[in-house]
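One file, target.cif, carrying mmCIF, C-alpha atoms:
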```cif
data_data
#
loop_
_atom_site.label_atom_id
_atom_site.label_comp_id
_atom_site.auth_asym_id
_atom_site.auth_seq_id
_atom_site.Cartn_x
_atom_site.Cartn_y
_atom_site.Cartn_z
CA MET N 8 -108.59 80.77 100.75
CA GLN N 9 -110.76 78.17 99.05
CA THR N 10 -110.42 74.59 100.23
CA LYS N 11 -111.60 71.26 98.86
CA ILE N 12 -111.56 68.53 101.53
CA GLU N 13 -112.01 64.87 100.70
CA LYS N 14 -112.46 62.54 103.66
CA ILE N 15 -111.29 59.23 102.17
CA ASP N 16 -112.31 57.10 105.15
CA SER N 17 -112.29 57.28 108.95
CA SER N 18 -108.47 57.14 108.95
CA SER N 19 -107.52 59.43 106.08
CA ALA N 20 -108.34 62.72 104.39
CA LEU N 21 -106.86 65.09 101.84
CA ALA N 22 -107.27 68.81 101.26
CA VAL N 23 -106.56 71.01 98.24
CA LYS N 24 -106.17 74.77 98.58
CA ILE N 25 -105.83 77.56 96.05
CA ILE N 26 -102.62 79.53 96.49
CA GLU N 27 -103.65 83.16 96.77
CA GLY N 28 -101.71 86.39 96.78
CA GLN N 29 -102.48 87.09 100.40
CA THR N 30 -104.21 85.24 103.16
CA SER N 31 -105.81 86.36 106.38
CA GLN N 32 -105.40 82.93 107.94
CA SER N 33 -103.15 82.75 110.95
CA LEU N 34 -100.07 80.55 111.08
CA ASP N 35 -100.22 80.32 114.87
CA PHE N 36 -100.96 76.58 114.65
CA LEU N 37 -97.43 75.89 113.35
CA SER N 38 -94.81 74.39 115.64
CA PHE N 39 -91.86 76.56 116.68
CA ARG N 40 -89.60 74.57 114.33
CA GLU N 41 -91.98 75.16 111.42
CA LYS N 42 -92.21 78.88 112.17
CA LEU N 43 -88.41 79.07 111.94
CA SER N 44 -88.47 77.21 108.62
CA TYR N 45 -91.13 79.57 107.29
CA ALA N 46 -89.19 82.63 108.41
CA ASN N 47 -86.09 81.38 106.58
CA ILE N 48 -87.86 81.15 103.19
CA SER N 49 -86.85 84.28 101.31
CA HIS N 50 -88.65 83.81 98.00
CA PRO N 51 -92.25 85.20 98.23
CA GLU N 52 -93.79 82.55 95.96
CA LYS N 53 -92.09 79.67 97.78
CA LYS N 54 -93.25 81.18 101.06
CA LYS N 55 -96.87 81.13 99.84
CA GLU N 56 -96.55 77.56 98.56
CA TRP N 57 -95.06 76.36 101.85
CA ALA N 58 -97.73 78.09 103.95
CA THR N 59 -100.63 76.93 101.76
CA ALA N 60 -99.48 73.31 101.99
CA ARG N 61 -99.48 73.66 105.79
CA PHE N 62 -103.00 75.13 105.69
CA ALA N 63 -104.03 72.12 103.58
CA ILE N 64 -102.70 69.53 106.03
CA TYR N 65 -104.23 71.51 108.92
CA ASP N 66 -107.64 71.29 107.22
CA ALA N 67 -107.24 67.58 106.43
CA LEU N 68 -106.39 66.88 110.07
CA LYS N 69 -109.33 68.98 111.22
CA ALA N 70 -111.66 66.83 109.08
CA LEU N 71 -110.35 63.78 110.97
CA LYS N 72 -110.42 65.59 114.35
CA VAL N 73 -106.68 65.05 114.73
CA PRO N 74 -104.65 67.76 116.52
CA TYR N 75 -101.95 69.41 114.38
CA PRO N 76 -98.62 67.93 115.59
CA GLY N 77 -96.17 69.86 113.41
CA PHE N 78 -94.10 68.27 110.65
CA PHE N 79 -90.46 68.02 109.58
CA LYS N 80 -88.54 66.41 106.71
CA ASP N 81 -86.45 63.30 107.44
CA GLU N 82 -83.12 62.38 105.82
CA HIS N 83 -84.98 61.13 102.73
CA GLY N 84 -86.88 64.39 102.29
CA LYS N 85 -90.18 62.83 103.42
CA SER N 86 -92.44 64.78 105.76
CA GLN N 87 -92.89 63.22 109.20
CA SER N 88 -95.12 64.16 112.14
CA MET N 89 -93.30 65.48 115.18
CA ASN N 90 -95.22 63.17 117.52
CA ASN N 91 -94.49 60.08 115.35
CA GLN N 92 -98.22 59.47 114.89
CA GLY N 93 -99.75 59.12 111.44
CA TYR N 94 -98.37 59.67 107.95
CA VAL N 95 -98.43 62.78 105.79
CA SER N 96 -97.54 63.90 102.28
CA LEU N 97 -97.54 67.45 100.89
CA THR N 98 -97.40 68.86 97.37
CA HIS N 99 -97.84 72.07 95.38
CA THR N 100 -97.93 73.24 91.79
CA PRO N 101 -98.61 76.70 90.31
CA GLY N 102 -101.92 77.83 91.77
CA TYR N 103 -102.56 74.94 94.17
CA ALA N 104 -101.22 73.14 97.24
CA ALA N 105 -102.48 69.87 98.71
CA ALA N 106 -101.86 67.44 101.55
CA ILE N 107 -102.97 63.98 102.64
CA PHE N 108 -102.91 62.33 106.08
CA HIS N 109 -103.48 58.74 107.18
CA ARG N 110 -103.53 57.53 110.77
CA GLU N 111 -101.86 54.16 110.06
CA GLN N 112 -100.51 53.82 106.49
CA PRO N 113 -97.81 55.66 104.49
CA VAL N 114 -99.25 57.99 101.86
CA GLY N 115 -98.07 59.92 98.82
CA ILE N 116 -99.68 62.86 97.00
CA ASP N 117 -98.67 64.90 93.97
CA MET N 118 -100.02 67.72 91.80
CA ASP N 119 -98.67 68.72 88.39
CA LEU N 120 -99.60 71.33 85.84
CA ILE N 121 -100.26 69.82 82.41
CA ARG N 122 -97.61 71.16 80.03
CA GLU N 123 -96.61 70.27 76.47
CA LYS N 124 -92.92 70.09 77.38
CA ILE N 125 -93.44 66.85 79.33
CA LEU N 126 -93.67 65.01 75.99
CA LYS N 127 -90.01 65.84 75.35
CA ILE N 128 -88.75 64.39 78.62
CA GLY N 129 -90.80 61.19 78.77
CA PHE N 130 -87.69 59.11 78.09
CA ARG N 131 -86.29 60.24 81.44
CA PHE N 132 -89.05 58.72 83.59
CA LEU N 133 -90.93 56.19 81.43
CA ASP N 134 -90.18 52.52 80.83
CA THR N 135 -90.42 51.45 77.17
CA SER N 136 -93.57 49.45 77.97
CA GLU N 137 -95.20 52.63 79.30
CA VAL N 138 -94.24 54.63 76.20
CA ASP N 139 -95.99 51.97 74.15
CA PHE N 140 -99.40 52.39 75.79
CA LEU N 141 -99.38 56.12 76.52
CA GLU N 142 -100.98 58.45 74.00
CA LYS N 143 -98.68 61.20 72.79
CA ASP N 144 -100.69 63.63 74.87
CA PRO N 145 -99.40 65.87 77.70
CA THR N 146 -102.33 64.89 79.94
CA HIS N 147 -101.54 61.17 79.66
CA TYR N 148 -97.82 61.77 80.28
CA THR N 149 -98.56 64.04 83.25
CA MET N 150 -100.79 61.35 84.77
CA ALA N 151 -97.91 58.86 84.48
CA TRP N 152 -95.39 61.27 86.01
CA SER N 153 -97.72 62.24 88.85
CA ALA N 154 -98.62 58.62 89.63
CA LYS N 155 -94.94 57.74 89.87
CA GLU N 156 -94.32 60.78 92.07
CA SER N 157 -97.09 59.70 94.46
CA ILE N 158 -95.70 56.16 94.61
CA PHE N 159 -92.19 57.51 95.19
CA LYS N 160 -93.40 59.72 98.05
CA CYS N 161 -95.37 56.86 99.58
CA GLN N 162 -92.41 54.48 99.71
CA GLY N 163 -90.36 57.29 101.23
CA LYS N 164 -86.77 56.38 100.38
CA ARG N 165 -84.22 58.05 98.13
CA GLY N 166 -82.49 56.14 95.34
CA VAL N 167 -85.65 54.90 93.60
CA SER N 168 -85.63 55.63 89.85
CA PHE N 169 -88.92 56.60 88.21
CA ARG N 170 -87.86 54.88 84.97
CA GLU N 171 -86.00 51.84 86.33
CA ASN N 172 -87.88 51.02 89.53
CA ILE N 173 -91.48 52.27 89.26
CA LEU N 174 -93.60 50.47 86.65
CA LEU N 175 -97.19 51.38 85.79
CA GLU N 176 -99.80 49.09 84.29
CA PRO N 177 -101.57 50.34 81.14
CA PHE N 178 -104.24 52.97 81.85
CA ALA N 179 -106.51 55.18 79.74
CA ILE N 180 -106.28 58.96 79.55
CA ASP N 181 -109.60 59.22 81.42
CA ALA N 182 -108.63 56.71 84.12
CA LEU N 183 -109.55 57.43 87.73
CA LYS N 184 -107.15 54.79 89.09
CA ILE N 185 -103.63 53.76 88.04
CA LYS N 186 -101.99 50.51 89.14
CA GLY N 187 -98.25 50.44 89.69
CA LYS N 188 -95.45 48.67 91.51
CA ILE N 189 -91.87 49.15 92.62
CA ARG N 190 -89.30 46.66 91.32
CA GLY N 191 -85.61 46.07 91.95
CA THR N 192 -85.50 47.60 95.45
CA ASP N 193 -86.27 46.55 99.03
CA PHE N 194 -89.93 47.27 98.21
CA ALA N 195 -89.94 45.12 95.05
CA ASP N 196 -93.28 43.63 94.09
CA HIS N 197 -95.25 45.96 96.33
CA HIS N 198 -98.34 47.04 94.37
CA TYR N 199 -99.97 50.46 94.60
CA THR N 200 -103.34 51.81 93.52
CA VAL N 201 -103.07 55.49 92.64
CA GLU N 202 -106.21 57.64 92.65
CA VAL N 203 -106.43 60.32 89.95
CA ARG N 204 -108.23 63.67 90.10
CA ARG N 205 -108.37 66.42 87.43
CA LEU N 206 -108.53 70.07 88.57
CA GLU N 207 -108.79 72.24 85.46
CA ASN N 208 -105.30 71.99 83.93
CA VAL N 209 -103.78 70.19 86.92
CA ILE N 210 -103.46 66.46 87.61
CA LEU N 211 -103.67 65.36 91.25
CA THR N 212 -102.79 61.83 92.30
CA TYR N 213 -102.50 60.09 95.63
CA THR N 214 -101.86 56.61 96.96
CA ILE N 215 -102.09 54.82 100.29
CA TRP N 216 -99.73 51.95 101.12
#
```
Take the structure I supplied and represent it as structure tokens, if you would.
Amino acid sequence: MQTKIEKIDSSSALAVKIIEGQTSQSLDFLSFREKLSYANISHPEKKKEWATARFAIYDALKALKVPYPGFFKDEHGKSQSMNNQGYVSLTHTPGYAAAIFHREQPVGIDMDLIREKILKIGFRFLDTSEVDFLEKDPTHYTMAWSAKESIFKCQGKRGVSFRENILLEPFAIDALKIKGKIRGTDFADHHYTVEVRRLENVILTYTIW
């Protein structure tokens, strides 16, 4: 199972893994609670996605020399460590899974396959000011969606609208960073810098609080 590990700094790292048909890697590192969750996933593809995301966070932690604590989802659907130490975010898209960990700051990560159909649903997640600067190109729209997803995951609370509450500053289609903020919520006026990576036909973004 191929892995790309990016050590961001001494406190954070991310890992991207290819989702393969079968893997020889052992899941023994999972907590008992996670093993139960894995056993209860009936769909084969979802099972592979779930496991590959766990392999990714395991590798990111290994790069930081942090023991794997096990993870669970809180009432907002955000992944939390079982020992209440550090912050994690997981994601997957067809063909890939990824994870990011930071010792001290909330994080958010997202991966999305670039598809033409996103152009038809832009009105659902884009502010009018964002529609004005985005090229009518699925890559540009996917970058905007993914950046908002990473920001949403980083702030960690339900009830935040991509269109109403998350606003992105203008960025080019070849941008490596996207600036954004949350407005109209408890986290109003908090500014984020979202890092952008391109993996073939997939956009990966991540942000650190």
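Take the candidates N:Leu183, N:Ile215, N:Ala70, N:Ile210 and check each one against Asp117 in chain N using all atoms listed in the file; the shortest distance goes to N:Ile210.
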Find the residue from N:Lys186, N:Glu202, N:Glu56, N:Ser38 that sits nearest to Tyr75 in chain N; use all atoms listed in the file when measuring.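 Closest residue, counting all atoms listed in the file: N:Ser38.
Of the residues listed (N:Gly102, N:Pro145, N:Gly129, N:Gly166), N:Gly102 shows the shortest atom-to-atom separation from Ala60 in chain N; distances use only C-alpha atoms.
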Env of Ile25 in chain N: 7 Å cut, atoms = all atoms listed in the file, seq-sep filter 4 positions within chain, self excluded. Answer as a count of residues only. 6
Please write the residues picked by the PyMOL selection byres ((chain N and resi 169) around 8) on this file as a VMD selection string. chain N and resid 132 to 133 155 to 156 159 167 to 168 170 to 174
By how many Å are CA of Glu142 in chain N and CA of Ala179 in chain N apart? 8.6 Å
Give me the residues within 10 Å of Lys69 in chain N as a PDB file with C-alpha atoms, in the frame of the given file, counting only C-alpha atoms and dropping any in the same chain fewer than 6 places off.
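Generated file (result-v2.pdb):
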```
ATOM      1  CA  ILE N  12    -111.560  68.530 101.530  1.00  0.00           C
ATOM      2  CA  ALA N  20    -108.340  62.720 104.390  1.00  0.00           C
ATOM      3  CA  ALA N  63    -104.030  72.120 103.580  1.00  0.00           C
ATOM      4  CA  TYR N  75    -101.950  69.410 114.380  1.00  0.00           C
TER       5      TYR N  75
END
```
Can you spell out as a list of chain:residue names the set of residues that the PyMOL selection byres ((chain N and resi 76) around 7) selects in the structure I just provided?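 Output from the PyMOL selection byres ((chain N and resi 76) around 7), applied to this file: N:Pro74, N:Tyr75, N:Gly77, N:Phe78, N:Ser88, N:Met89, N:Asn90.
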Please return range 143-168 of chain N, rebuilt to N, CA and C atoms, as a tab-separated table (two decimals), keeping the file's coordinate frame.
```tsv
chain	number	residue	atom	x	y	z
N	143	LYS	N	-99.62	60.08	72.85
N	143	LYS	CA	-98.68	61.20	72.79
N	143	LYS	C	-99.43	62.47	73.14
N	144	ASP	N	-99.85	62.54	74.39
N	144	ASP	CA	-100.69	63.63	74.87
N	144	ASP	C	-100.14	64.09	76.23
N	145	PRO	N	-99.98	65.39	76.44
N	145	PRO	CA	-99.40	65.87	77.70
N	145	PRO	C	-100.20	65.47	78.94
N	146	THR	N	-101.52	65.32	78.79
N	146	THR	CA	-102.33	64.89	79.94
N	146	THR	C	-101.96	63.46	80.35
N	147	HIS	N	-101.85	62.56	79.38
N	147	HIS	CA	-101.54	61.17	79.66
N	147	HIS	C	-100.14	61.05	80.28
N	148	TYR	N	-99.18	61.79	79.74
N	148	TYR	CA	-97.82	61.77	80.28
N	148	TYR	C	-97.78	62.35	81.69
N	149	THR	N	-98.54	63.42	81.91
N	149	THR	CA	-98.56	64.04	83.25
N	149	THR	C	-99.17	63.09	84.27
N	150	MET	N	-100.20	62.35	83.87
N	150	MET	CA	-100.79	61.35	84.77
N	150	MET	C	-99.75	60.30	85.16
N	151	ALA	N	-98.95	59.86	84.20
N	151	ALA	CA	-97.91	58.86	84.48
N	151	ALA	C	-96.86	59.42	85.42
N	152	TRP	N	-96.40	60.64	85.14
N	152	TRP	CA	-95.39	61.27	86.01
N	152	TRP	C	-95.93	61.44	87.43
N	153	SER	N	-97.14	61.97	87.54
N	153	SER	CA	-97.72	62.24	88.85
N	153	SER	C	-97.95	60.96	89.63
N	154	ALA	N	-98.42	59.91	88.96
N	154	ALA	CA	-98.62	58.62	89.63
N	154	ALA	C	-97.31	58.09	90.19
N	155	LYS	N	-96.25	58.21	89.40
N	155	LYS	CA	-94.94	57.74	89.87
N	155	LYS	C	-94.45	58.59	91.03
N	156	GLU	N	-94.72	59.88	90.98
N	156	GLU	CA	-94.32	60.78	92.07
N	156	GLU	C	-95.04	60.40	93.36
N	157	SER	N	-96.33	60.10	93.27
N	157	SER	CA	-97.09	59.70	94.46
N	157	SER	C	-96.57	58.38	95.03
N	158	ILE	N	-96.26	57.44	94.15
N	158	ILE	CA	-95.70	56.16	94.61
N	158	ILE	C	-94.33	56.38	95.26
N	159	PHE	N	-93.51	57.21	94.64
N	159	PHE	CA	-92.19	57.51	95.19
N	159	PHE	C	-92.30	58.12	96.59
N	160	LYS	N	-93.22	59.08	96.75
N	160	LYS	CA	-93.40	59.72	98.05
N	160	LYS	C	-93.93	58.73	99.08
N	161	CYS	N	-94.79	57.83	98.65
N	161	CYS	CA	-95.37	56.86	99.58
N	161	CYS	C	-94.32	55.91	100.11
N	162	GLN	N	-93.44	55.42	99.24
N	162	GLN	CA	-92.41	54.48	99.71
N	162	GLN	C	-91.35	55.19	100.55
N	163	GLY	N	-91.10	56.46	100.28
N	163	GLY	CA	-90.36	57.29	101.23
N	163	GLY	C	-88.86	57.18	101.29
N	164	LYS	N	-88.23	56.52	100.34
N	164	LYS	CA	-86.77	56.38	100.38
N	164	LYS	C	-86.14	56.96	99.12
N	165	ARG	N	-84.96	57.54	99.29
N	165	ARG	CA	-84.22	58.05	98.13
N	165	ARG	C	-83.65	56.87	97.33
N	166	GLY	N	-83.17	57.16	96.12
N	166	GLY	CA	-82.49	56.14	95.34
N	166	GLY	C	-83.42	55.27	94.52
N	167	VAL	N	-84.70	55.64	94.42
N	167	VAL	CA	-85.65	54.90	93.60
N	167	VAL	C	-85.84	55.66	92.28
N	168	SER	N	-85.54	55.01	91.17
N	168	SER	CA	-85.63	55.63	89.85
N	168	SER	C	-87.05	55.50	89.30
```
